[in-house]
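Trainee: Here you go, this is protein.cif (mmCIF, C-alpha atoms).
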```
data_protein
#
loop_
_atom_site.label_atom_id
_atom_site.label_comp_id
_atom_site.auth_asym_id
_atom_site.auth_seq_id
_atom_site.Cartn_x
_atom_site.Cartn_y
_atom_site.Cartn_z
CA MET A 1 0.00 0.00 0.00
CA ALA A 2 2.89 2.30 0.86
CA GLU A 3 4.40 1.62 -2.58
CA THR A 4 1.14 2.46 -4.25
CA PHE A 5 0.98 5.66 -2.30
CA GLY A 6 4.54 6.50 -3.40
CA ILE A 7 3.62 6.03 -7.05
CA ASP A 8 0.46 7.98 -6.36
CA LYS A 9 2.51 10.96 -5.20
CA LEU A 10 4.78 10.69 -8.22
CA PHE A 11 1.81 10.72 -10.59
CA TRP A 12 0.19 13.50 -8.64
CA GLY A 13 3.32 15.66 -9.06
CA LEU A 14 3.52 14.80 -12.75
CA THR A 15 -0.13 15.71 -13.21
CA PHE A 16 0.37 19.02 -11.44
CA PHE A 17 3.28 20.01 -13.70
CA LEU A 18 1.45 18.90 -16.83
CA ASN A 19 -1.58 20.92 -15.72
CA ALA A 20 0.64 23.97 -15.27
CA GLY A 21 2.13 23.22 -18.70
CA LEU A 22 -1.35 23.12 -20.21
CA VAL A 23 -2.23 26.53 -18.73
CA ILE A 24 0.99 28.02 -20.08
CA LEU A 25 0.43 26.36 -23.47
CA VAL A 26 -3.09 27.79 -23.77
CA LEU A 27 -1.77 31.26 -22.93
CA TYR A 28 1.30 30.95 -25.18
CA ARG A 29 -0.71 29.76 -28.18
CA LYS A 30 -3.31 32.49 -27.52
CA ASN A 31 -6.04 29.85 -27.36
CA VAL A 32 -7.56 31.50 -24.30
CA ARG A 33 -9.77 33.63 -26.57
CA VAL A 34 -10.96 30.56 -28.44
CA PHE A 35 -11.56 28.34 -25.40
CA PRO A 36 -12.08 30.71 -22.43
CA PHE A 37 -14.01 28.22 -20.32
CA PHE A 38 -11.53 25.47 -20.99
CA PHE A 39 -8.78 27.80 -19.85
CA LEU A 40 -10.80 28.65 -16.73
CA TYR A 41 -11.17 24.95 -16.01
CA ALA A 42 -7.45 24.24 -16.45
CA LEU A 43 -6.59 27.21 -14.24
CA LEU A 44 -9.06 26.22 -11.51
CA ASP A 45 -7.80 22.67 -11.60
CA LEU A 46 -4.25 23.90 -11.12
CA ALA A 47 -5.37 26.07 -8.20
CA HIS A 48 -7.27 23.07 -6.83
CA GLY A 49 -4.03 21.08 -6.84
CA VAL A 50 -2.22 23.81 -4.90
CA VAL A 51 -5.05 24.12 -2.35
CA ILE A 52 -5.22 20.36 -1.78
CA PHE A 53 -1.45 20.07 -1.46
CA GLU A 54 -1.36 22.84 1.14
CA SER A 55 -4.33 21.46 3.10
CA TYR A 56 -2.71 17.99 3.23
CA ARG A 57 0.56 19.58 4.34
CA ILE A 58 -1.11 21.63 7.08
CA TRP A 59 -3.91 19.33 8.36
CA GLY A 60 -2.76 15.93 7.13
CA PHE A 61 -4.12 13.50 4.53
CA ASN A 62 -6.82 11.92 6.71
CA SER A 63 -8.16 15.03 8.48
CA ALA A 64 -11.78 16.12 8.11
CA THR A 65 -10.69 19.69 7.23
CA SER A 66 -8.58 18.45 4.32
CA ARG A 67 -11.45 16.29 3.12
CA ASN A 68 -13.91 19.20 3.24
CA ILE A 69 -11.53 21.50 1.39
CA ALA A 70 -10.76 18.83 -1.23
CA TRP A 71 -14.42 18.09 -1.98
CA GLY A 72 -15.49 21.74 -1.76
CA THR A 73 -12.94 22.87 -4.31
CA GLN A 74 -13.63 19.75 -6.40
CA GLY A 75 -17.23 20.96 -6.76
CA LEU A 76 -15.98 24.21 -8.24
CA VAL A 77 -13.65 22.38 -10.63
CA THR A 78 -16.42 20.03 -11.75
CA PHE A 79 -18.68 23.01 -12.42
CA ALA A 80 -15.89 24.63 -14.50
CA ARG A 81 -15.53 21.36 -16.40
CA ALA A 82 -19.26 21.36 -17.15
CA LEU A 83 -18.87 24.90 -18.52
CA ALA A 84 -15.92 23.79 -20.66
CA VAL A 85 -18.01 20.93 -22.08
CA ALA A 86 -20.87 23.36 -22.79
CA GLU A 87 -18.34 25.51 -24.63
CA GLY A 88 -17.37 22.46 -26.72
CA CYS A 89 -21.06 21.85 -27.55
CA TYR A 90 -21.44 25.48 -28.54
CA ARG A 91 -18.38 25.43 -30.79
CA ILE A 92 -19.58 22.32 -32.61
CA LEU A 93 -23.25 23.15 -33.16
CA ALA A 94 -23.88 26.85 -32.55
CA LYS A 95 -23.14 27.94 -36.12
CA PHE A 96 -26.09 25.81 -37.23
CA ARG A 97 -28.72 27.95 -35.54
CA GLY A 98 -31.76 25.70 -36.01
CA ILE A 99 -30.26 22.45 -34.77
CA TRP A 100 -28.39 24.27 -31.99
CA GLU A 101 -31.71 25.49 -30.60
CA LEU A 102 -32.98 21.92 -30.71
CA ALA A 103 -29.71 20.46 -29.39
CA TRP A 104 -29.24 22.60 -26.31
CA ARG A 105 -32.78 21.96 -25.15
CA THR A 106 -32.34 18.22 -25.69
CA LEU A 107 -28.97 18.21 -23.93
CA VAL A 108 -30.31 20.13 -20.92
CA THR A 109 -33.38 17.85 -20.66
CA ALA A 110 -31.19 14.75 -20.93
CA GLY A 111 -28.87 16.21 -18.29
CA VAL A 112 -31.75 16.74 -15.86
CA PHE A 113 -33.06 13.19 -16.37
CA VAL A 114 -29.63 11.60 -16.03
CA SER A 115 -28.83 13.51 -12.84
CA PHE A 116 -32.21 12.53 -11.42
CA TYR A 117 -31.54 8.86 -12.21
CA ALA A 118 -28.03 8.95 -10.76
CA TRP A 119 -29.31 10.57 -7.59
CA ALA A 120 -32.29 8.21 -7.28
CA VAL A 121 -30.22 5.01 -7.43
CA SER A 122 -27.45 6.27 -5.15
CA ARG A 123 -26.95 5.33 -1.52
CA GLY A 124 -29.13 7.43 0.77
CA SER A 125 -26.60 8.08 3.52
CA TRP A 126 -25.47 11.70 3.94
CA GLN A 127 -21.79 10.73 3.98
CA PHE A 128 -22.09 9.67 0.36
CA ALA A 129 -23.91 12.84 -0.70
CA ILE A 130 -20.84 14.57 -2.17
CA LEU A 131 -19.67 11.38 -3.85
CA ASN A 132 -23.11 10.87 -5.38
CA LEU A 133 -23.28 14.48 -6.51
CA ASP A 134 -19.88 14.13 -8.13
CA ARG A 135 -20.90 10.92 -9.88
CA SER A 136 -24.19 12.46 -11.04
CA LEU A 137 -22.39 15.41 -12.57
CA GLU A 138 -19.88 13.14 -14.29
CA LEU A 139 -22.71 11.01 -15.66
CA VAL A 140 -24.46 14.12 -16.96
CA ILE A 141 -21.25 15.33 -18.64
CA ALA A 142 -20.59 11.94 -20.25
CA SER A 143 -24.20 11.58 -21.47
CA VAL A 144 -24.30 15.11 -22.85
CA ILE A 145 -21.07 14.51 -24.78
CA VAL A 146 -22.42 11.30 -26.30
CA LEU A 147 -25.64 13.07 -27.30
CA LEU A 148 -23.62 15.91 -28.77
CA PHE A 149 -21.64 13.57 -31.00
CA LEU A 150 -24.81 11.74 -31.97
CA PHE A 151 -26.32 15.06 -33.00
CA ALA A 152 -23.21 15.95 -34.98
CA ARG A 153 -23.23 12.56 -36.69
CA TYR A 154 -26.94 12.62 -37.45
CA TYR A 155 -26.85 16.10 -38.99
CA GLU A 156 -23.47 15.41 -40.62
CA VAL A 157 -21.85 18.36 -38.90
CA ALA A 158 -18.07 18.35 -39.22
CA VAL A 159 -16.42 18.50 -35.79
CA GLN A 160 -13.17 20.44 -35.59
CA PRO A 161 -10.40 17.95 -34.61
CA THR A 162 -9.21 20.15 -31.71
CA VAL A 163 -12.69 20.41 -30.21
CA ARG A 164 -13.23 16.69 -30.75
CA THR A 165 -10.02 15.81 -28.91
CA LEU A 166 -10.78 18.21 -26.04
CA VAL A 167 -14.29 16.82 -25.60
CA THR A 168 -13.00 13.24 -25.89
CA GLY A 169 -10.64 13.99 -23.00
CA PHE A 170 -13.57 15.19 -20.90
CA PHE A 171 -15.65 12.16 -21.86
CA LEU A 172 -13.03 9.57 -20.96
CA TYR A 173 -12.28 11.32 -17.70
CA SER A 174 -15.97 11.50 -16.74
CA CYS A 175 -16.57 7.84 -17.64
CA PHE A 176 -13.68 6.75 -15.51
CA ARG A 177 -14.80 8.87 -12.58
CA ILE A 178 -18.28 7.31 -12.69
CA VAL A 179 -16.73 3.83 -12.43
CA ASN A 180 -14.22 4.95 -9.82
CA ASP A 181 -16.87 6.67 -7.67
CA SER A 182 -19.15 3.63 -7.88
CA ILE A 183 -16.38 1.33 -6.66
CA LEU A 184 -15.50 3.78 -3.90
CA GLU A 185 -19.11 3.94 -2.77
CA ARG A 186 -19.14 0.17 -2.29
CA TRP A 187 -15.72 -0.43 -0.81
CA LEU A 188 -15.03 2.95 0.75
CA HIS A 189 -12.14 2.18 3.12
CA THR A 190 -10.29 -0.51 1.23
CA TYR A 191 -10.46 1.30 -2.11
CA ALA A 192 -9.72 4.91 -1.05
CA THR A 193 -5.98 4.92 -1.90
CA LEU A 194 -6.44 3.13 -5.21
CA TRP A 195 -9.35 5.48 -6.00
CA ASN A 196 -7.01 8.46 -5.72
CA PHE A 197 -4.33 6.74 -7.77
CA PHE A 198 -6.62 5.70 -10.63
CA GLY A 199 -8.22 9.15 -10.65
CA THR A 200 -4.81 10.76 -11.03
CA VAL A 201 -3.75 8.41 -13.83
CA THR A 202 -6.99 9.07 -15.75
CA PHE A 203 -6.58 12.80 -15.36
CA LEU A 204 -3.01 12.47 -16.58
CA ALA A 205 -4.21 10.73 -19.74
CA SER A 206 -6.82 13.47 -20.33
CA LEU A 207 -4.18 16.16 -19.78
CA LEU A 208 -1.94 14.59 -22.43
CA LEU A 209 -4.90 14.54 -24.86
CA TRP A 210 -5.65 18.23 -24.20
CA ILE A 211 -2.01 19.26 -24.56
CA TRP A 212 -1.87 17.39 -27.87
CA ALA A 213 -5.09 19.08 -29.03
CA LEU A 214 -3.94 22.59 -28.13
CA ARG A 215 -0.36 22.33 -29.35
CA LEU A 216 -1.22 24.73 -32.19
CA THR A 217 -2.92 28.13 -32.24
CA GLN A 218 -6.62 27.79 -33.05
CA GLN A 219 -8.66 30.07 -35.24
CA GLN A 220 -11.05 32.18 -33.21
CA THR A 221 -13.80 32.07 -35.80
CA THR A 222 -14.82 29.22 -38.04
CA ALA A 223 -16.58 29.51 -41.39
CA GLU A 224 -20.28 30.26 -40.97
CA PRO A 225 -22.65 28.23 -43.14
CA GLU A 226 -25.00 30.04 -45.50
CA LEU A 227 -28.40 29.37 -43.93
CA LEU A 228 -31.60 28.77 -45.87
CA PRO A 229 -34.56 31.15 -45.65
CA GLU A 230 -36.87 30.31 -42.74
CA ASP A 231 -39.90 29.32 -44.82
CA HIS A 232 -38.02 26.54 -46.63
CA TYR A 233 -37.85 24.26 -43.62
CA ARG A 234 -41.51 24.87 -42.82
CA SER A 235 -42.62 23.97 -46.33
CA LEU A 236 -40.14 21.24 -47.23
CA SER A 237 -39.79 19.29 -44.02
CA PRO A 238 -43.41 18.06 -43.88
CA ALA A 239 -43.22 17.20 -47.59
CA ILE A 240 -40.06 15.16 -47.11
CA ASN A 241 -41.54 13.41 -44.08
CA ALA A 242 -44.64 12.59 -46.10
CA ARG A 243 -42.47 11.14 -48.81
CA LEU A 244 -40.52 9.09 -46.27
CA ARG A 245 -43.84 7.85 -44.93
CA GLY A 246 -44.74 6.87 -48.50
CA LEU A 247 -41.60 4.78 -48.73
CA ASN A 248 -42.43 3.20 -45.39
CA GLU A 249 -45.86 2.28 -46.73
CA GLN A 250 -44.21 0.65 -49.70
CA LEU A 251 -42.31 -1.62 -47.37
CA SER A 252 -45.47 -2.51 -45.53
CA HIS A 253 -46.87 -3.93 -48.78
CA PHE A 254 -44.34 -6.75 -48.45
CA TRP A 255 -45.69 -7.54 -45.01
CA TYR A 256 -49.25 -7.27 -46.18
CA ALA A 257 -48.61 -9.75 -48.98
CA GLU A 258 -47.06 -12.21 -46.56
CA GLY A 259 -49.83 -11.74 -44.04
CA LYS A 260 -52.41 -12.72 -46.65
CA LYS A 261 -50.50 -15.85 -47.50
CA THR A 262 -50.19 -17.05 -43.90
CA MET B 1 -27.91 -1.52 -4.15
CA SER B 2 -26.43 -4.28 -6.26
CA PHE B 3 -28.47 -3.29 -9.31
CA ALA B 4 -27.60 0.37 -8.81
CA PHE B 5 -23.92 -0.54 -8.50
CA TYR B 6 -23.85 -2.55 -11.71
CA SER B 7 -26.15 -0.16 -13.55
CA PHE B 8 -23.41 2.48 -13.56
CA PHE B 9 -20.99 0.04 -15.19
CA ILE B 10 -23.58 -0.90 -17.79
CA ILE B 11 -24.34 2.77 -18.51
CA VAL B 12 -20.64 3.59 -18.90
CA ALA B 13 -20.16 0.61 -21.24
CA LEU B 14 -23.14 1.77 -23.31
CA LEU B 15 -21.91 5.36 -23.40
CA LEU B 16 -18.45 4.23 -24.51
CA THR B 17 -19.92 2.05 -27.26
CA VAL B 18 -22.17 4.79 -28.60
CA PHE B 19 -19.35 7.32 -28.33
CA VAL B 20 -16.96 5.17 -30.39
CA TRP B 21 -19.73 4.52 -32.93
CA SER B 22 -20.51 8.23 -33.25
CA LEU B 23 -16.84 9.03 -33.83
CA ARG B 24 -16.45 6.31 -36.45
CA SER B 25 -15.78 7.61 -39.92
CA THR B 26 -18.84 7.38 -42.10
CA ASN B 27 -17.24 8.36 -45.40
CA LYS B 28 -20.21 10.65 -45.80
CA GLN B 29 -20.04 14.23 -46.87
CA THR B 30 -20.50 16.75 -44.13
CA VAL B 31 -23.05 19.54 -44.28
CA PRO B 32 -22.30 21.80 -47.25
CA PHE B 33 -21.61 25.37 -46.29
CA SER B 34 -24.01 26.74 -48.90
CA SER B 35 -27.69 26.11 -49.42
CA SER B 36 -27.11 25.16 -53.06
CA GLY B 37 -25.43 21.98 -51.76
CA VAL B 38 -28.80 20.71 -50.62
CA LEU B 39 -30.08 20.73 -54.15
CA HIS B 40 -27.50 18.29 -55.45
CA ASP B 41 -29.13 15.59 -53.36
CA PHE B 42 -32.50 15.97 -54.89
CA GLN B 43 -32.51 14.08 -58.14
CA ALA B 44 -34.98 11.91 -59.97
CA SER B 45 -36.01 8.81 -58.05
CA HIS B 46 -35.19 5.29 -59.26
CA VAL B 47 -38.30 4.14 -57.47
CA MET B 48 -40.42 5.98 -60.01
CA HIS B 49 -39.66 3.16 -62.48
CA LEU B 50 -41.84 0.88 -60.42
CA PRO B 51 -44.66 0.35 -62.96
CA GLN B 52 -42.31 -1.72 -65.14
CA ILE B 53 -41.12 -3.75 -62.17
CA ARG B 54 -44.68 -4.16 -60.99
CA ARG B 55 -45.73 -5.54 -64.36
CA ALA B 56 -42.92 -8.09 -64.18
CA LEU B 57 -44.05 -9.17 -60.75
CA ALA B 58 -47.77 -9.39 -61.46
CA PRO B 59 -49.36 -12.64 -60.08
CA THR B 60 -51.55 -13.00 -63.15
CA ASP B 61 -48.43 -13.10 -65.26
CA TYR B 62 -47.02 -15.78 -62.97
CA GLU B 63 -50.16 -17.89 -63.25
CA PHE B 64 -50.15 -17.57 -67.02
CA VAL B 65 -46.50 -18.59 -67.32
CA SER B 66 -46.91 -21.56 -64.95
CA LYS B 67 -49.18 -23.20 -67.54
CA LYS B 68 -46.70 -22.68 -70.34
CA ILE B 69 -43.27 -23.63 -68.96
CA SER B 70 -41.62 -26.49 -67.08
CA PRO B 71 -41.43 -26.51 -63.23
CA LYS B 72 -37.65 -25.99 -63.43
CA ALA B 73 -38.03 -22.89 -65.55
CA LEU B 74 -40.80 -21.73 -63.24
CA ARG B 75 -38.47 -22.04 -60.24
CA GLN B 76 -35.83 -20.07 -62.04
CA MET B 77 -38.38 -17.41 -62.91
CA ARG B 78 -39.45 -17.25 -59.30
CA ARG B 79 -35.81 -16.82 -58.22
CA GLU B 80 -35.32 -14.04 -60.71
CA ARG B 81 -38.48 -12.33 -59.59
CA ARG B 82 -37.31 -12.54 -56.00
CA GLN B 83 -34.11 -10.90 -57.15
CA VAL B 84 -36.17 -8.13 -58.73
CA ALA B 85 -38.00 -7.64 -55.43
CA LEU B 86 -34.67 -7.42 -53.62
CA THR B 87 -33.39 -4.88 -56.11
CA TYR B 88 -36.55 -2.88 -55.62
CA LEU B 89 -36.00 -2.99 -51.86
CA SER B 90 -32.49 -1.67 -52.35
CA ALA B 91 -33.89 1.15 -54.50
CA LEU B 92 -36.37 2.00 -51.73
CA ARG B 93 -33.51 2.08 -49.25
CA ALA B 94 -31.39 4.30 -51.49
CA GLU B 95 -34.32 6.65 -52.00
CA PHE B 96 -34.97 6.74 -48.28
CA ASP B 97 -31.30 7.48 -47.49
CA ARG B 98 -31.18 10.23 -50.08
CA LEU B 99 -34.32 11.90 -48.74
CA MET B 100 -33.05 11.58 -45.19
CA ARG B 101 -29.78 13.23 -46.10
CA THR B 102 -31.60 16.06 -47.87
CA ALA B 103 -33.82 16.52 -44.81
CA ARG B 104 -30.89 16.48 -42.41
CA VAL B 105 -28.81 18.91 -44.42
CA MET B 106 -31.82 21.16 -44.81
CA ALA B 107 -32.45 21.06 -41.06
CA ALA B 108 -28.81 21.82 -40.35
CA LEU B 109 -28.94 24.83 -42.69
CA SER B 110 -32.28 26.12 -41.43
CA PRO B 111 -32.41 28.95 -38.92
CA GLU B 112 -35.34 27.31 -37.18
CA VAL B 113 -36.04 23.61 -36.68
CA THR B 114 -39.22 22.00 -35.32
CA THR B 115 -38.80 19.25 -32.76
CA GLY B 116 -41.97 17.51 -33.98
CA GLN B 117 -40.72 17.21 -37.55
CA GLU B 118 -37.32 15.95 -36.46
CA MET B 119 -38.80 13.41 -34.04
CA GLN B 120 -41.21 12.21 -36.69
CA ARG B 121 -38.28 11.67 -39.04
CA ILE B 122 -36.38 9.66 -36.44
CA PHE B 123 -39.45 7.52 -35.83
CA LEU B 124 -39.88 6.98 -39.58
CA THR B 125 -36.22 6.01 -39.91
CA VAL B 126 -36.39 3.45 -37.13
CA SER B 127 -39.63 2.05 -38.51
CA PHE B 128 -38.27 1.88 -42.06
CA LEU B 129 -34.95 0.32 -41.13
CA TRP B 130 -36.32 -2.55 -39.10
CA ARG B 131 -38.95 -3.33 -41.73
CA TYR B 132 -36.35 -3.11 -44.45
CA ARG B 133 -33.95 -5.52 -42.74
CA ALA B 134 -36.67 -7.97 -41.77
CA THR B 135 -38.21 -7.95 -45.26
CA ARG B 136 -34.85 -8.43 -46.89
CA LEU B 137 -34.04 -11.33 -44.60
CA ILE B 138 -37.38 -13.00 -45.27
CA LEU B 139 -37.11 -12.50 -49.02
CA ARG B 140 -33.58 -13.87 -49.06
CA ALA B 141 -34.65 -16.91 -47.09
CA GLY B 142 -37.36 -17.48 -49.72
CA PHE B 143 -40.24 -17.52 -47.24
CA ALA B 144 -42.07 -14.46 -48.45
CA PRO B 145 -44.37 -14.46 -51.47
CA LEU B 146 -43.72 -11.99 -54.19
CA PRO B 147 -45.25 -8.74 -53.05
CA GLN B 148 -48.37 -7.14 -54.33
CA LEU B 149 -46.69 -3.91 -55.16
CA SER B 150 -48.78 -0.84 -55.51
CA ASP B 151 -47.98 1.91 -57.92
CA LEU B 152 -45.43 3.94 -56.05
CA SER B 153 -45.74 6.83 -58.42
CA ASN B 154 -49.29 7.30 -57.12
CA VAL B 155 -48.14 7.20 -53.55
CA LEU B 156 -45.33 9.60 -54.07
CA SER B 157 -46.64 12.02 -56.62
CA SER B 158 -49.25 13.50 -54.26
CA PHE B 159 -46.49 14.37 -51.82
CA SER B 160 -44.02 15.42 -54.44
CA VAL B 161 -45.69 18.39 -56.08
CA ARG B 162 -45.12 20.83 -53.26
CA LEU B 163 -41.65 19.52 -52.66
CA GLU B 164 -40.67 19.85 -56.30
CA GLU B 165 -41.97 23.42 -56.44
CA ALA B 166 -40.14 24.46 -53.30
CA MET B 167 -36.95 22.79 -54.46
CA ARG B 168 -37.18 24.53 -57.81
CA GLU B 169 -37.65 27.85 -56.07
CA MET B 170 -34.68 27.09 -53.87
CA GLY B 171 -32.62 26.15 -56.91
CA GLU B 172 -33.46 29.38 -58.69
CA ARG B 173 -32.53 31.33 -55.61
CA ALA B 174 -29.21 29.50 -55.24
CA ALA B 175 -28.49 29.99 -58.95
CA VAL B 176 -29.07 33.72 -58.63
CA VAL B 177 -26.70 33.87 -55.64
CA ALA B 178 -24.05 31.82 -57.47
CA ASP B 179 -24.41 34.06 -60.51
CA VAL B 180 -23.98 37.21 -58.47
CA VAL B 181 -21.01 35.83 -56.54
CA SER B 182 -19.24 34.78 -59.72
CA SER B 183 -19.79 38.17 -61.37
CA PRO B 184 -16.72 40.48 -61.58
CA ASP B 185 -18.28 43.24 -59.45
CA ARG B 186 -18.60 41.50 -56.08
CA ARG B 187 -19.36 44.65 -54.16
CA ARG B 188 -22.96 44.46 -55.33
CA ILE B 189 -23.84 41.15 -53.78
CA HIS B 190 -27.37 41.14 -52.41
CA PRO B 191 -28.24 37.48 -52.08
CA VAL B 192 -31.49 37.96 -50.17
#
```
Now, as a test, write the supplied structure out as structure tokens.

Mentor:
Amino acid sequence: MAETFGIDKLFWGLTFFLNAGLVILVLYRKNVRVFPFFFLYALLDLAHGVVIFESYRIWGFNSATSRNIAWGTQGLVTFARALAVAEGCYRILAKFRGIWELAWRTLVTAGVFVSFYAWAVSRGSWQFAILNLDRSLELVIASVIVLLFLFARYYEVAVQPTVRTLVTGFFLYSCFRIVNDSILERWLHTYATLWNFFGTVTFLASLLLWIWALRLTQQQTTAEPELLPEDHYRSLSPAINARLRGLNEQLSHFWYAEGKKT
Amino acid sequence: MSFAFYSFFIIVALLLTVFVWSLRSTNKQTVPFSSSGVLHDFQASHVMHLPQIRRALAPTDYEFVSKKISPKALRQMRRERRQVALTYLSALRAEFDRLMRTARVMAALSPEVTTGQEMQRIFLTVSFLWRYRATRLILRAGFAPLPQLSDLSNVLSSFSVRLEEAMREMGERAAVVADVVSSPDRRRIHPV
């Protein structure tokens, strides 16, 4: 266990320096104007690392004060991550005004349902409240990202590689945290050290992805599509749906023919 | 507790699967950045040739031929007719895909999208795809009789008129924009 904790500290230090590197990289490449919320998240996460380190140094690793500070600041970081993910959604879909209006409503509704589910099936005890809240938020982030990519795929919207890599980093990190939190909830005492270690390693992997994505300066604005006049959708969409229904009816003729035979 | 515990693992596995699938390359074109791109998808339908196919598949024709040719030749004819039905199914699928792409691109390029229309389209897609796969499987296995195909042109033409008109209007509009953009004096562009 002591060895694991030693490696844990090593990874923790590595993560901290990579996080600092990411912040400097975003500033150096002037990507802060393109991804302001992502920058805020990276900065808050760095500050979170400093605060946790100091609290552990002053009050010790197992003290209640350290735990409260760690979880309290974690809440802020998770909120910043949610904002960074929302920024990713905006950058992918917002230039397509119509589907963006549809997408953000769908994503918010899905988020509410997912958080409700995660909260409903969690352990009722108050000591797990923060853990459950953290897992709910991670589940919401992961679900929203999946829905976002489904939207992009369905409407054939090209996703900028940088945004895709950034969001993928968030997704993988959130997925792992859901699993990690669930295991921790079940085997709280025996898993606590490993939980920290795995969390750090996952964050390290996400950091490497983000550094790779932001190694170059990004364009602040992307090409805007030439939108159709408003009345076209209103007149054409029902006509296309009717035609699709016609094709569906054609298929049903096959079934009808078979039904008569049997 | 146990179900709740495992449910999170199942959800994560599902999310990962769908995520990888959504990132998978589709070799499809992405949304064109001009409205004229929508028009390239709207071409004449292969399915409109159905009357000829329908004649070839007519049961009366089958009954007539069964009296004139050997059972072996009749089996071969039946096989070929099944092949025609499968080809027709493929044409329906291609037509469906083409319309879906037009609808999706149009929705992506529209400043306002209705949830009802989009949901209806998703429902139609799911309904079409499962019927299509099941029908194809049954036809391939040789269990299904040759279908009593109705005249698709009748089914489609009533829906088409408005669509054709709107598309033509859209095409004229796009042509005017393209014409203006390609003219030497670009300072006078007034596309709307």

Trainee: What residues come out when you apply the PyMOL selection byres ((chain A) within 7 of (chain B)) to this file, written as a PyMOL selection string?

Mentor: chain A and resi 96-99+102+121-122+143+146+149-150+153+155-158+175+179+182+225-230+233+236-248+251+253-254+257-258

Trainee: Mind checking which residues fall within 10 Å of region 160-174 of chain A, counting all atoms listed in the file, ignoring those fewer than 3 positions away in the same chain, and posting them as a ChimeraX atom specification?

Mentor: /A:35,38,78,81-82,84-89,91-92,134-135,137-146,148-149,157,177-180,199,201-216,218,222 /B:12,15-16,19,23

Trainee: May I ask for the distance between CA of Asn68 (chain A) and CA of Phe53 (chain A), given in Å to one decimal place?

Mentor: 13.3 Å

Trainee: In Å, how far is it from CA of Leu25 (chain A) to CA of Ala152 (chain A)?

Mentor: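 Atom-to-atom, CA of Leu25 (chain A) to CA of Ala152 (chain A), that is 28.3 Å.
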
Trainee: In Å, with one decimal, what is the gap from CA of Trp12 (chain A) to CA of Thr217 (chain A)?

Mentor: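 If I compute the distance from CA of Trp12 (chain A) to CA of Thr217 (chain A), I get 27.9 Å.
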
Trainee: Since I can't run it myself right now, could you work out what the PyMOL selection byres ((chain A and resi 43) around 10) selects here and report it as an mmCIF file with C-alpha atoms, in the coordinates of the input?

Mentor:
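This went into result_27.cif:
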```
data_model
loop_
_atom_site.group_PDB
_atom_site.id
_atom_site.type_symbol
_atom_site.label_atom_id
_atom_site.label_comp_id
_atom_site.auth_asym_id
_atom_site.auth_seq_id
_atom_site.Cartn_x
_atom_site.Cartn_y
_atom_site.Cartn_z
ATOM 1 C CA ASN A 19 -1.580 20.920 -15.720
ATOM 2 C CA ALA A 20 0.640 23.970 -15.270
ATOM 3 C CA LEU A 22 -1.350 23.120 -20.210
ATOM 4 C CA VAL A 23 -2.230 26.530 -18.730
ATOM 5 C CA ILE A 24 0.990 28.020 -20.080
ATOM 6 C CA PHE A 37 -14.010 28.220 -20.320
ATOM 7 C CA PHE A 38 -11.530 25.470 -20.990
ATOM 8 C CA PHE A 39 -8.780 27.800 -19.850
ATOM 9 C CA LEU A 40 -10.800 28.650 -16.730
ATOM 10 C CA TYR A 41 -11.170 24.950 -16.010
ATOM 11 C CA ALA A 42 -7.450 24.240 -16.450
ATOM 12 C CA LEU A 44 -9.060 26.220 -11.510
ATOM 13 C CA ASP A 45 -7.800 22.670 -11.600
ATOM 14 C CA LEU A 46 -4.250 23.900 -11.120
ATOM 15 C CA ALA A 47 -5.370 26.070 -8.200
ATOM 16 C CA HIS A 48 -7.270 23.070 -6.830
ATOM 17 C CA GLY A 49 -4.030 21.080 -6.840
ATOM 18 C CA VAL A 77 -13.650 22.380 -10.630
ATOM 19 C CA ALA A 80 -15.890 24.630 -14.500
#
```

Trainee: Which one of A:Phe79, A:Leu194, A:Ile52, A:Tyr90 sits closest to Ser66 (chain A) if you count only C-alpha atoms?

Mentor: A:Ile52
